[in-house]
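Participant: Sending over protein-v3.csv (CSV, C-alpha atoms and all ligand atoms).
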chain,number,residue,atom,x,y,z
A,193,MET,CA,91.2,-11.0,14.8
A,194,ILE,CA,93.1,-9.5,11.8
A,195,SER,CA,93.6,-5.9,10.8
A,196,VAL,CA,91.5,-4.1,8.2
A,197,GLU,CA,94.5,-4.0,5.9
A,198,ALA,CA,95.1,-7.8,6.3
A,199,ALA,CA,91.4,-8.5,5.7
A,200,LEU,CA,91.4,-6.5,2.5
A,201,ASP,CA,94.5,-8.3,1.3
A,202,ALA,CA,92.8,-11.7,2.0
A,203,LEU,CA,89.7,-10.5,0.2
A,204,PHE,CA,91.8,-9.4,-2.9
A,205,ALA,CA,93.5,-12.8,-2.9
A,206,LEU,CA,90.0,-14.4,-3.4
A,207,VAL,CA,89.1,-12.2,-6.4
A,208,ARG,CA,89.4,-13.6,-9.9
A,209,PRO,CA,89.0,-10.7,-12.4
A,210,LEU,CA,86.0,-11.2,-14.7
A,211,GLY,CA,86.1,-11.5,-18.5
A,212,THR,CA,85.1,-8.7,-20.8
A,213,GLU,CA,82.3,-7.8,-23.2
A,214,GLU,CA,81.7,-5.1,-25.8
A,215,VAL,CA,79.0,-2.5,-25.1
A,216,PRO,CA,77.7,0.5,-27.0
A,217,LEU,CA,79.0,3.8,-25.8
A,218,ARG,CA,75.7,4.7,-24.4
A,219,GLU,CA,75.9,1.9,-21.8
A,220,ALA,CA,79.6,2.5,-21.0
A,221,ALA,CA,79.4,5.1,-18.1
A,222,GLY,CA,80.1,3.5,-14.8
A,223,ARG,CA,81.7,0.4,-16.4
A,224,VAL,CA,85.4,-0.4,-16.3
A,225,MET,CA,87.1,-0.1,-19.7
A,226,ARG,CA,89.5,-3.1,-20.0
A,227,ALA,CA,91.2,-2.6,-23.4
A,228,ASP,CA,93.3,0.4,-24.5
A,229,VAL,CA,91.5,2.6,-27.1
A,230,HIS,CA,93.4,4.3,-29.9
A,231,ALA,CA,92.0,7.4,-31.6
A,232,PHE,CA,90.8,6.9,-35.1
A,233,ARG,CA,91.4,10.5,-36.1
A,234,ASP,CA,92.9,13.8,-35.1
A,235,GLN,CA,90.8,16.1,-33.0
A,236,PRO,CA,90.1,18.7,-34.3
A,237,PRO,CA,90.8,17.2,-37.7
A,238,PHE,CA,91.6,20.7,-39.1
A,239,PRO,CA,92.9,24.0,-37.6
A,240,GLY,CA,89.6,25.4,-36.4
A,241,SER,CA,88.4,28.8,-35.2
A,242,ALA,CA,87.8,29.2,-31.5
A,243,MET,CA,85.6,32.3,-31.9
A,244,ASP,CA,83.2,34.1,-34.2
A,245,GLY,CA,85.1,36.7,-36.2
A,246,TYR,CA,87.2,37.1,-39.3
A,247,ALA,CA,90.1,34.9,-40.5
A,248,VAL,CA,93.1,37.0,-41.8
A,249,ILE,CA,96.8,36.9,-42.2
A,250,ALA,CA,98.2,37.5,-38.6
A,251,GLU,CA,100.9,40.0,-39.6
A,252,GLU,CA,98.2,42.2,-41.2
A,253,ALA,CA,96.0,42.3,-38.1
A,254,GLN,CA,96.9,45.8,-36.8
A,255,PRO,CA,94.6,48.5,-35.4
A,256,HIS,CA,92.8,50.4,-38.2
A,257,ALA,CA,93.8,47.8,-40.9
A,258,MET,CA,91.1,47.2,-43.5
A,259,PHE,CA,90.2,44.0,-45.3
A,260,ARG,CA,87.8,42.8,-48.0
A,261,VAL,CA,85.5,40.0,-47.0
A,262,ILE,CA,85.7,37.3,-49.7
A,263,GLY,CA,83.5,34.5,-48.2
A,264,GLU,CA,82.4,32.6,-45.2
A,265,SER,CA,83.6,29.5,-43.3
A,266,ALA,CA,81.0,27.9,-41.1
A,267,ALA,CA,81.1,24.7,-38.9
A,268,GLY,CA,80.7,21.8,-41.3
A,269,ARG,CA,81.1,24.0,-44.4
A,270,ARG,CA,84.6,25.3,-45.0
A,271,PHE,CA,85.6,28.2,-47.3
A,272,GLU,CA,87.5,26.5,-50.2
A,273,GLY,CA,89.6,29.4,-51.4
A,274,GLN,CA,92.8,31.0,-50.1
A,275,VAL,CA,93.1,34.1,-48.0
A,276,LYS,CA,95.5,36.6,-49.6
A,277,PRO,CA,96.9,39.9,-48.3
A,278,GLY,CA,94.1,42.4,-47.7
A,279,GLN,CA,91.5,39.7,-47.6
A,280,ALA,CA,89.3,38.3,-44.8
A,281,VAL,CA,86.9,35.4,-44.5
A,282,ARG,CA,83.9,35.6,-42.2
A,283,ILE,CA,84.3,32.7,-39.8
A,284,PHE,CA,82.4,31.0,-37.0
A,285,THR,CA,83.3,29.0,-34.0
A,286,GLY,CA,84.3,25.4,-34.9
A,287,ALA,CA,84.8,26.3,-38.6
A,288,PRO,CA,87.9,25.3,-40.5
A,289,VAL,CA,90.4,28.2,-40.8
A,290,PRO,CA,90.9,28.8,-44.5
A,291,GLU,CA,94.2,28.3,-46.3
A,292,GLY,CA,96.5,31.3,-45.9
A,293,ALA,CA,94.8,32.7,-42.7
A,294,THR,CA,96.8,32.5,-39.5
A,295,ARG,CA,94.6,34.3,-37.0
A,296,VAL,CA,91.0,35.1,-36.2
A,297,VAL,CA,90.0,38.6,-35.3
A,298,LEU,CA,87.1,38.7,-32.9
A,299,GLN,CA,83.9,40.1,-34.5
A,300,GLU,CA,83.7,42.6,-31.5
A,301,ASP,CA,87.0,44.1,-32.8
A,302,VAL,CA,85.7,44.8,-36.3
A,303,THR,CA,83.4,47.4,-37.9
A,304,ARG,CA,81.9,46.3,-41.1
A,305,THR,CA,80.5,48.3,-44.0
A,306,GLY,CA,79.4,46.1,-46.9
A,307,ASP,CA,82.3,43.8,-47.8
A,308,ILE,CA,84.9,46.0,-46.0
A,309,ILE,CA,85.9,45.5,-42.4
A,310,THR,CA,88.1,47.8,-40.3
A,311,LEU,CA,89.9,46.6,-37.2
A,312,THR,CA,89.4,48.5,-34.0
A,313,ASP,CA,92.1,50.0,-31.7
A,314,PRO,CA,93.0,48.4,-29.4
A,315,LEU,CA,92.9,44.8,-30.7
A,316,ASP,CA,93.2,41.7,-28.7
A,317,ALA,CA,96.2,39.4,-29.2
A,318,GLY,CA,94.6,36.3,-30.9
A,319,PRO,CA,95.2,34.0,-32.7
A,320,HIS,CA,92.0,32.1,-31.6
A,321,ILE,CA,92.9,29.1,-33.8
A,322,ARG,CA,92.9,25.6,-32.4
A,323,PRO,CA,95.6,23.6,-34.2
A,324,ALA,CA,94.7,20.3,-35.8
A,325,GLY,CA,95.1,17.5,-33.3
A,326,VAL,CA,95.5,19.8,-30.3
A,327,ASP,CA,93.0,17.6,-28.3
A,328,PHE,CA,94.4,14.3,-29.4
A,329,ARG,CA,96.1,12.8,-32.5
A,330,GLN,CA,95.2,9.7,-34.5
A,331,GLY,CA,96.7,6.7,-32.7
A,332,ASP,CA,96.8,8.4,-29.3
A,333,THR,CA,96.1,5.9,-26.5
A,334,PHE,CA,93.4,6.1,-23.9
A,335,ALA,CA,94.6,3.6,-21.4
A,336,ALA,CA,92.8,0.8,-19.6
A,337,PRO,CA,91.8,-0.2,-17.0
A,338,ARG,CA,89.7,2.8,-16.2
A,339,LEU,CA,86.3,3.4,-14.6
A,340,LEU,CA,84.4,5.3,-17.3
A,341,ARG,CA,83.0,8.7,-16.1
A,342,PRO,CA,80.7,10.8,-18.3
A,343,ALA,CA,83.7,12.9,-19.5
A,344,ASP,CA,85.4,9.7,-20.6
A,345,VAL,CA,82.4,8.6,-22.6
A,346,ALA,CA,82.5,12.0,-24.4
A,347,LEU,CA,86.2,11.4,-25.2
A,348,LEU,CA,85.6,7.9,-26.5
A,349,ALA,CA,82.8,9.3,-28.7
A,350,ALA,CA,85.2,12.1,-30.0
A,351,MET,CA,87.7,9.3,-30.8
A,352,ASN,CA,85.0,7.8,-33.0
A,353,GLN,CA,84.5,4.7,-30.9
A,354,PRO,CA,80.9,3.5,-31.1
A,355,THR,CA,81.6,0.6,-28.7
A,356,VAL,CA,84.0,-0.1,-25.9
A,357,THR,CA,85.5,-3.2,-24.3
A,358,VAL,CA,84.5,-3.3,-20.6
A,359,SER,CA,84.6,-5.8,-17.8
A,360,ARG,CA,81.6,-8.1,-17.3
A,361,GLN,CA,79.6,-6.9,-14.4
A,362,PRO,CA,80.0,-8.9,-11.2
A,363,THR,CA,76.8,-10.7,-10.2
A,364,VAL,CA,76.2,-10.5,-6.5
A,365,ALA,CA,73.7,-12.7,-4.6
A,366,LEU,CA,72.6,-11.0,-1.4
A,367,ILE,CA,71.3,-13.3,1.3
A,368,SER,CA,69.7,-11.8,4.4
A,369,THR,CA,69.5,-14.2,7.3
A,370,GLY,CA,67.3,-14.1,10.3
A,371,ASP,CA,64.0,-15.5,11.7
A,372,GLU,CA,63.0,-11.9,12.7
A,373,LEU,CA,63.2,-10.4,9.2
A,374,VAL,CA,60.4,-9.4,6.8
A,375,LEU,CA,60.7,-7.5,3.5
A,376,PRO,CA,59.8,-3.9,3.2
A,377,GLY,CA,56.1,-3.5,2.6
A,378,GLU,CA,55.2,-6.7,4.5
A,379,ASP,CA,53.2,-6.5,7.7
A,380,PRO,CA,55.8,-7.1,10.5
A,381,GLY,CA,54.8,-8.8,13.7
A,382,PRO,CA,55.7,-7.2,17.1
A,383,ASP,CA,59.0,-9.1,17.3
A,384,GLN,CA,59.9,-8.6,13.7
A,385,ILE,CA,62.3,-6.3,11.9
A,386,VAL,CA,62.3,-5.0,8.3
A,387,ALA,CA,65.3,-6.2,6.3
A,388,SER,CA,67.0,-2.9,5.5
A,389,ASN,CA,70.7,-3.1,4.9
A,390,THR,CA,70.0,-5.7,2.2
A,391,PHE,CA,68.4,-2.9,0.2
A,392,GLY,CA,71.1,-0.4,1.1
A,393,LEU,CA,73.8,-2.8,0.0
A,394,GLU,CA,72.0,-3.6,-3.2
A,395,ALA,CA,71.9,0.1,-4.0
A,396,LEU,CA,75.6,0.5,-3.1
A,397,PHE,CA,76.6,-2.4,-5.3
A,398,ARG,CA,74.7,-1.0,-8.2
A,399,THR,CA,76.6,2.2,-8.0
A,400,LEU,CA,79.8,0.1,-8.1
A,401,GLY,CA,79.0,-1.5,-11.5
A,402,ALA,CA,77.7,-4.8,-10.1
A,403,ARG,CA,74.5,-6.7,-10.8
A,404,PRO,CA,73.1,-7.4,-7.4
A,405,ARG,CA,70.3,-9.8,-6.8
A,406,ILE,CA,68.3,-10.1,-3.6
A,407,LEU,CA,67.5,-13.7,-2.7
A,408,PRO,CA,64.6,-14.8,-0.4
A,409,ILE,CA,65.4,-14.2,3.3
A,410,ALA,CA,67.1,-17.3,4.8
A,411,ARG,CA,65.8,-18.4,8.2
A,412,ASP,CA,68.1,-19.4,11.0
A,413,THR,CA,68.1,-23.0,10.1
A,414,ARG,CA,70.6,-25.2,8.3
A,415,ALA,CA,68.0,-26.2,5.6
A,416,SER,CA,67.0,-22.6,4.9
A,417,LEU,CA,70.6,-21.4,4.7
A,418,GLU,CA,71.7,-24.3,2.5
A,419,SER,CA,68.9,-23.7,0.0
A,420,ALA,CA,69.8,-20.0,-0.1
A,421,PHE,CA,73.5,-20.8,-0.8
A,422,HIS,CA,72.4,-23.2,-3.6
A,423,LEU,CA,70.3,-20.4,-5.1
A,424,ALA,CA,73.4,-18.2,-5.0
A,425,ALA,CA,75.7,-20.7,-6.6
A,426,ASP,CA,75.9,-19.0,-10.1
A,427,ALA,CA,76.9,-15.6,-8.6
A,428,ASP,CA,80.4,-14.2,-8.8
A,429,LEU,CA,80.1,-13.0,-5.2
A,430,VAL,CA,77.8,-14.2,-2.5
A,431,VAL,CA,77.2,-11.7,0.3
A,432,THR,CA,75.4,-12.9,3.4
A,433,ILE,CA,74.0,-10.5,6.0
A,434,GLY,CA,73.7,-11.4,9.7
A,435,GLY,CA,74.2,-14.7,11.4
A,436,ALA,CA,77.9,-14.2,11.5
A,437,SER,CA,78.5,-13.9,15.2
A,438,VAL,CA,78.9,-16.8,17.7
A,439,GLY,CA,75.3,-16.9,19.0
A,440,ASP,CA,73.3,-20.1,19.0
A,441,HIS,CA,71.4,-18.9,15.9
A,442,ASP,CA,74.4,-17.7,14.0
A,443,LEU,CA,74.8,-20.5,11.5
A,444,VAL,CA,76.2,-18.8,8.4
A,445,GLY,CA,79.9,-19.7,9.0
A,446,ARG,CA,79.0,-23.3,10.1
A,447,VAL,CA,76.7,-24.0,7.1
A,448,ALA,CA,79.0,-22.4,4.6
A,449,GLY,CA,81.8,-24.5,6.0
A,450,GLU,CA,79.8,-27.7,5.7
A,451,LEU,CA,79.1,-26.7,2.0
A,452,GLY,CA,82.8,-26.6,1.4
A,453,MET,CA,83.7,-23.0,2.1
A,454,GLU,CA,87.3,-22.5,2.8
A,455,GLN,CA,87.3,-19.7,5.3
A,456,SER,CA,90.0,-17.2,4.7
A,457,PHE,CA,89.4,-15.2,7.9
A,458,TYR,CA,86.8,-14.4,10.5
A,459,LYS,CA,86.7,-11.3,12.6
A,460,VAL,CA,88.4,-8.0,11.8
A,461,ALA,CA,89.7,-5.4,14.2
A,462,MET,CA,87.3,-2.7,13.3
A,463,ARG,CA,84.2,-0.8,14.6
A,464,PRO,CA,81.6,-1.3,13.5
A,465,GLY,CA,81.8,-4.6,11.7
A,466,LYS,CA,83.9,-7.0,13.7
A,467,PRO,CA,82.2,-10.3,12.8
A,468,LEU,CA,83.2,-10.4,9.1
A,469,MET,CA,84.1,-13.6,7.3
A,470,ALA,CA,85.2,-14.4,3.8
A,471,GLY,CA,86.2,-17.4,1.7
A,472,ARG,CA,85.4,-19.3,-1.4
A,473,MET,CA,82.6,-21.7,-1.9
A,474,TRP,CA,83.7,-25.1,-3.3
A,475,ALA,CA,83.4,-26.2,-6.9
A,476,ASP,CA,80.0,-27.8,-6.6
A,477,LEU,CA,78.7,-24.3,-5.7
A,478,GLY,CA,80.4,-22.7,-8.6
A,479,GLY,CA,83.6,-21.5,-6.9
A,480,ALA,CA,82.0,-18.2,-5.9
A,481,MET,CA,83.7,-15.8,-3.5
A,482,MET,CA,81.7,-15.3,-0.3
A,483,ILE,CA,81.7,-12.4,2.1
A,484,GLY,CA,79.7,-12.8,5.3
A,485,LEU,CA,78.7,-9.3,6.7
A,486,PRO,CA,77.5,-8.6,10.2
A,487,GLY,CA,73.7,-8.0,10.5
A,488,ASN,CA,73.7,-4.8,12.3
A,489,PRO,CA,72.5,-2.3,9.8
A,490,VAL,CA,75.4,0.2,10.1
A,491,SER,CA,78.0,-2.5,10.4
A,492,ALA,CA,76.8,-4.1,7.2
A,493,MET,CA,76.8,-0.8,5.3
A,494,VAL,CA,80.2,0.3,6.6
A,495,CYS,CA,81.7,-3.1,5.6
A,496,GLY,CA,80.1,-2.6,2.2
A,497,HIS,CA,82.0,0.6,1.8
A,498,VAL,CA,85.3,-0.6,3.3
A,499,PHE,CA,85.4,-4.2,1.9
A,500,ALA,CA,82.8,-4.9,-0.8
A,501,ALA,CA,83.4,-1.8,-2.8
A,502,PRO,CA,87.2,-2.4,-3.3
A,503,VAL,CA,86.4,-6.1,-4.0
A,504,LEU,CA,83.9,-5.2,-6.7
A,505,ARG,CA,86.4,-2.8,-8.3
A,506,ALA,CA,89.0,-5.6,-8.3
A,507,PHE,CA,86.5,-8.0,-9.9
A,508,GLN,CA,86.2,-5.5,-12.7
A,509,GLY,CA,90.0,-5.3,-13.3
A,510,LEU,CA,90.7,-2.1,-11.4
A,511,ALA,CA,93.7,-1.8,-9.0
A,512,ARG,CA,93.5,-3.8,-5.8
A,513,GLU,CA,93.5,-0.9,-3.4
A,514,PRO,CA,91.4,0.3,-0.4
A,515,ALA,CA,88.5,2.6,-1.0
A,516,PRO,CA,90.0,6.1,-1.6
A,517,LEU,CA,90.1,8.4,1.4
A,518,ALA,CA,89.5,12.1,1.4
A,519,HIS,CA,90.8,14.6,4.0
A,520,ALA,CA,89.1,17.4,5.9
A,521,PRO,CA,89.5,19.4,9.1
A,522,LEU,CA,87.9,18.2,12.3
A,523,LEU,CA,85.3,20.6,13.8
A,524,ALA,CA,85.1,19.1,17.3
A,525,PRO,CA,87.7,17.1,19.2
A,526,LEU,CA,87.7,13.3,19.3
A,527,PRO,CA,88.9,11.0,22.1
A,528,ALA,CA,91.8,8.6,21.7
A,529,ASN,CA,90.8,5.4,19.8
A,530,GLY,CA,90.9,1.9,21.2
A,531,PRO,CA,92.6,-1.2,19.6
A,532,ARG,CA,90.2,-1.5,16.6
A,533,MET,CA,90.0,0.7,13.5
A,534,HIS,CA,87.0,2.9,14.0
A,535,TYR,CA,84.9,4.2,11.2
A,536,MET,CA,83.1,7.1,12.8
A,537,ARG,CA,79.9,8.4,11.3
A,538,ALA,CA,80.3,12.1,10.8
A,539,ARG,CA,78.5,15.1,9.3
A,540,LEU,CA,80.4,16.5,6.4
A,541,SER,CA,80.0,20.3,5.7
A,542,PRO,CA,82.1,22.7,3.7
A,543,GLU,CA,83.8,23.6,7.0
A,544,GLY,CA,84.8,20.1,7.8
A,545,LEU,CA,83.9,17.0,9.8
A,546,ARG,CA,81.8,16.6,12.9
A,547,ALA,CA,81.4,13.1,14.4
A,548,PHE,CA,77.9,12.2,15.7
A,549,ASP,CA,77.7,11.8,19.5
A,550,SER,CA,76.1,8.3,19.1
A,551,GLN,CA,78.1,5.8,17.2
A,552,ASP,CA,75.8,2.8,17.9
A,553,SER,CA,76.0,0.3,15.0
A,554,SER,CA,72.2,0.0,14.7
A,555,LEU,CA,71.4,3.6,13.9
A,556,LEU,CA,70.5,4.0,10.3
A,557,SER,CA,69.0,7.4,10.9
A,558,ILE,CA,72.5,8.7,11.8
A,559,LEU,CA,74.2,6.8,8.9
A,560,SER,CA,71.7,8.5,6.6
A,561,GLU,CA,72.7,11.9,7.9
A,562,ALA,CA,76.4,11.1,7.7
A,563,GLY,CA,78.4,12.1,4.6
A,564,ALA,CA,81.6,10.7,5.9
A,565,LEU,CA,83.2,7.8,7.9
A,566,ILE,CA,86.1,9.3,9.8
A,567,GLN,CA,88.9,6.7,9.8
A,568,ARG,CA,90.5,6.4,13.2
A,569,PRO,CA,93.4,3.9,13.2
A,570,PRO,CA,93.9,1.5,16.1
A,571,HIS,CA,95.3,3.5,19.1
A,572,ALA,CA,95.1,6.8,17.4
A,573,PRO,CA,95.7,9.6,20.0
A,574,ALA,CA,93.0,12.1,20.8
A,575,ALA,CA,92.4,14.5,17.9
A,576,GLN,CA,91.9,18.3,18.3
A,577,ALA,CA,89.5,20.6,16.4
A,578,GLY,CA,91.3,21.8,13.3
A,579,GLU,CA,93.3,18.6,12.7
A,580,ILE,CA,93.1,17.2,9.2
A,581,LEU,CA,91.7,13.7,9.4
A,582,PRO,CA,91.2,11.0,6.7
A,583,TYR,CA,87.6,10.0,5.9
A,584,LEU,CA,85.7,7.7,3.6
A,585,PRO,CA,83.1,9.7,1.6
A,586,ILE,CA,79.8,7.8,1.7
B,1,LIG,P1,72.9,-11.0,13.5
B,1,LIG,O1,74.3,-10.7,13.0
B,1,LIG,O2,72.1,-12.0,12.7
B,1,LIG,O3,73.0,-11.4,15.0
B,1,LIG,O4,72.1,-9.6,13.5
B,1,LIG,C1,72.5,-8.5,14.3
B,1,LIG,C2,71.4,-7.5,14.3
B,1,LIG,O5,71.2,-7.0,13.0
B,1,LIG,C3,70.1,-8.0,14.8
B,1,LIG,O6,69.5,-7.0,15.5
B,1,LIG,C4,69.3,-8.3,13.5
B,1,LIG,O7,67.9,-8.2,13.7
B,1,LIG,C5,69.8,-7.2,12.6
B,1,LIG,N1,69.8,-7.6,11.2
B,1,LIG,C6,70.3,-8.7,10.7
B,1,LIG,N2,70.1,-8.7,9.3
B,1,LIG,C7,69.4,-7.6,9.0
B,1,LIG,C8,69.0,-7.0,7.8
B,1,LIG,N3,69.1,-7.7,6.6
B,1,LIG,N4,68.4,-5.8,7.8
B,1,LIG,C9,68.2,-5.2,9.0
B,1,LIG,N5,68.7,-5.6,10.2
B,1,LIG,C10,69.2,-6.8,10.2
B,2,MG,MG,70.6,-13.1,12.9
Taking this structure as input, can you express it in the form of structure tokens?
Facilitator:
Amino acid sequence: MISVEAALDALFALVRPLGTEEVPLREAAGRVMRADVHAFRDQPPFPGSAMDGYAVIAEEAQPHAMFRVIGESAAGRRFEGQVKPGQAVRIFTGAPVPEGATRVVLQEDVTRTGDIITLTDPLDAGPHIRPAGVDFRQGDTFAAPRLLRPADVALLAAMNQPTVTVSRQPTVALISTGDELVLPGEDPGPDQIVASNTFGLEALFRTLGARPRILPIARDTRASLESAFHLAADADLVVTIGGASVGDHDLVGRVAGELGMEQSFYKVAMRPGKPLMAGRMWADLGGAMMIGLPGNPVSAMVCGHVFAAPVLRAFQGLAREPAPLAHAPLLAPLPANGPRMHYMRARLSPEGLRAFDSQDSSLLSILSEAGALIQRPPHAPAAQAGEILPYLPI
């Protein structure tokens, strides 16, 4: 059995980062940008007004001062002339500040009669002007690699980038294994189970930028598993579910081995999820990376978060690091941990973390209620209420 850290390192060693493609900005959110972007222009391209008001010479903006309004500058339509002493230009948010003007007086600080404005007493400090290039300058770099969030897409648009170079999306073939499994919507017999974590993992992988594909359920026979592996051969990552233990019907490791999988490890010191395997399928199967997840629904999903998520990020060129942990106070004490890393399902509230009483690895109802997996390292001592503990948000 190897540690979670060693298993992750072994997984990262199997990852070959994917190539890139160019996508329109509207398809860029959630993708990993792989080439640096340089701004094509200054933003804003001119000194602009931050408020609605009047543009004047800053030194003249004193309580009770009077100005003659000589024109208007609106967003997209600048005032072409020059502001001279005693003059003001009506200006609106986002409009270019006219030549000569060095501050904007808020419209609330002005009384206007015809073309004449008088400043109030008191007056706010100003200047309410955004200098040219204050957001970014032409040539500024937006560095890759980077998982693009909605705000990043807005920034790229402001930099006048209609397209962006992103990682190709990893294709993932999901193979459920088991004689007992049927698909959701089918009519299960009395001894049958609906394949569930297959769908949970597909949903998870989608949120990670992958293109998952659910293959037909493989039965617990060599022939069925072999044909499933062959269907998966063109994927970047093959993920099997179940059949990974040492029972008579657990054939995944054996069949994958016969098909040339070089096994990198088998069994990780963690709860839930001990029977996890990984390796690379040989060349005649496309050289895909393979991860064999345990079948227990919670184990499979936890391994998805702990292992598959960082692997999918690495495929897309992001740093090879564990899923990021958050921290929160514990609301009820926890006993000392055993020799395996324990990912405890916990309810996450604004006050903190409360582990569920039952941590059975078959209980999807509890996983569904859980917002967090409290990470309890091997041999962690008992934890008291109020202690700050690390957790994986799920
Ligand atoms: P296994 O690892 O094949 O021994 O499976 C362990 C447990 O997980 C058994 O109770 C299986 O019925 C269940 N299981 C396996 N695969 C799935 C799946 N795709 N969806 C839901 N349960 C599963
Ligand atoms: Mg099975």
Participant: Place a sphere of radius 12 Å on (96.8, 55.9, -27.1) in the file coordinates and name every protein, DNA or RNA residue with an atom inside or on its surface, counting only C-alpha atoms; give the answer as a VMD selection string.
Facilitator: chain A and resid 255 313 to 314
Participant: Applying 10 Å and all atoms listed in the file, which residues near region 422-429 of chain A remain after dropping the ones on its own chain fewer than 6 positions away? List them as a count of residues only.
Facilitator: 35
Participant: Could you list, as a PyMOL selection string, all protein and nucleic acid residues with an atom at most 10 Å from ligand MG 2 (chain B), counting all atoms listed in the file?
Facilitator: chain A and resi 368-373+410-412+433-437+439-444+486-488
Participant: So how far away is CA of Glu561 (chain A) from CA of Ile409 (chain A), in Å?
Facilitator: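 Those two atoms sit 27.5 Å apart.
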Participant: Please report the interatomic distance between CA of Ala335 (chain A) and CA of Gln508 (chain A) in Å with one decimal.
Facilitator: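 Pair CA of Ala335 (chain A) / CA of Gln508 (chain A) returns 15.1 Å.
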Participant: Provide the CA of Asn389 (chain A) to CA of Asn529 (chain A) distance in Å, to one decimal place.
Facilitator: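 That distance, rounded to one decimal, is 26.4 Å.
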Participant: If I put a ball of radius 12 Å at (96.6, -8.3, 8.1) in the file's coordinates, which residues poke into it when counting only C-alpha atoms, written as a ChimeraX atom specification?
Facilitator: /A:193-203,456-461
Participant: Go ahead and save the residues from that selection, with C-alpha atoms, as an mmCIF file, in the coordinates of the input.
Facilitator:
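Written output follows (result-v1.cif):
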data_model
loop_
_atom_site.group_PDB
_atom_site.id
_atom_site.type_symbol
_atom_site.label_atom_id
_atom_site.label_comp_id
_atom_site.auth_asym_id
_atom_site.auth_seq_id
_atom_site.Cartn_x
_atom_site.Cartn_y
_atom_site.Cartn_z
ATOM 1 C CA MET A 193 91.200 -11.000 14.800
ATOM 2 C CA ILE A 194 93.100 -9.500 11.800
ATOM 3 C CA SER A 195 93.600 -5.900 10.800
ATOM 4 C CA VAL A 196 91.500 -4.100 8.200
ATOM 5 C CA GLU A 197 94.500 -4.000 5.900
ATOM 6 C CA ALA A 198 95.100 -7.800 6.300
ATOM 7 C CA ALA A 199 91.400 -8.500 5.700
ATOM 8 C CA LEU A 200 91.400 -6.500 2.500
ATOM 9 C CA ASP A 201 94.500 -8.300 1.300
ATOM 10 C CA ALA A 202 92.800 -11.700 2.000
ATOM 11 C CA LEU A 203 89.700 -10.500 0.200
ATOM 12 C CA SER A 456 90.000 -17.200 4.700
ATOM 13 C CA PHE A 457 89.400 -15.200 7.900
ATOM 14 C CA TYR A 458 86.800 -14.400 10.500
ATOM 15 C CA LYS A 459 86.700 -11.300 12.600
ATOM 16 C CA VAL A 460 88.400 -8.000 11.800
ATOM 17 C CA ALA A 461 89.700 -5.400 14.200
#
Participant: Neighbours of Ala349 (chain A) within 10 Å (all atoms listed in the file; same-chain residues fewer than 6 positions away dropped), as a VMD selection string?
Facilitator: chain A and resid 217 to 218 231 343 355 to 356
Participant: Put those residues in a file: C-alpha atoms, as a PDB file, keeping the file's coordinate frame.
Facilitator:
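Written file, selection-v7.pdb:
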ATOM      1  CA  LEU A 217      79.000   3.800 -25.800  1.00  0.00           C
ATOM      2  CA  ARG A 218      75.700   4.700 -24.400  1.00  0.00           C
ATOM      3  CA  ALA A 231      92.000   7.400 -31.600  1.00  0.00           C
ATOM      4  CA  ALA A 343      83.700  12.900 -19.500  1.00  0.00           C
ATOM      5  CA  THR A 355      81.600   0.600 -28.700  1.00  0.00           C
ATOM      6  CA  VAL A 356      84.000  -0.100 -25.900  1.00  0.00           C
TER       7      VAL A 356
END
Participant: Given the choices A:Leu375, A:Glu251, A:His230, A:Leu468, which gets closest to Phe328 (chain A) if the distance is worked out from all atoms listed in the file?
Facilitator: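 Comparing A:Leu375, A:Glu251, A:His230, A:Leu468 against Phe328 (chain A), the winner is A:His230.
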Participant: Mind checking which residues fall within 9 Å of Ala572 (chain A), counting all atoms listed in the file, ignoring those fewer than 6 positions away in the same chain, and posting them as a list in words?
Facilitator: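 So the residues in contact are Pro527, Ala528, Asn529, Gly530, Pro531 and Met533 of chain A.
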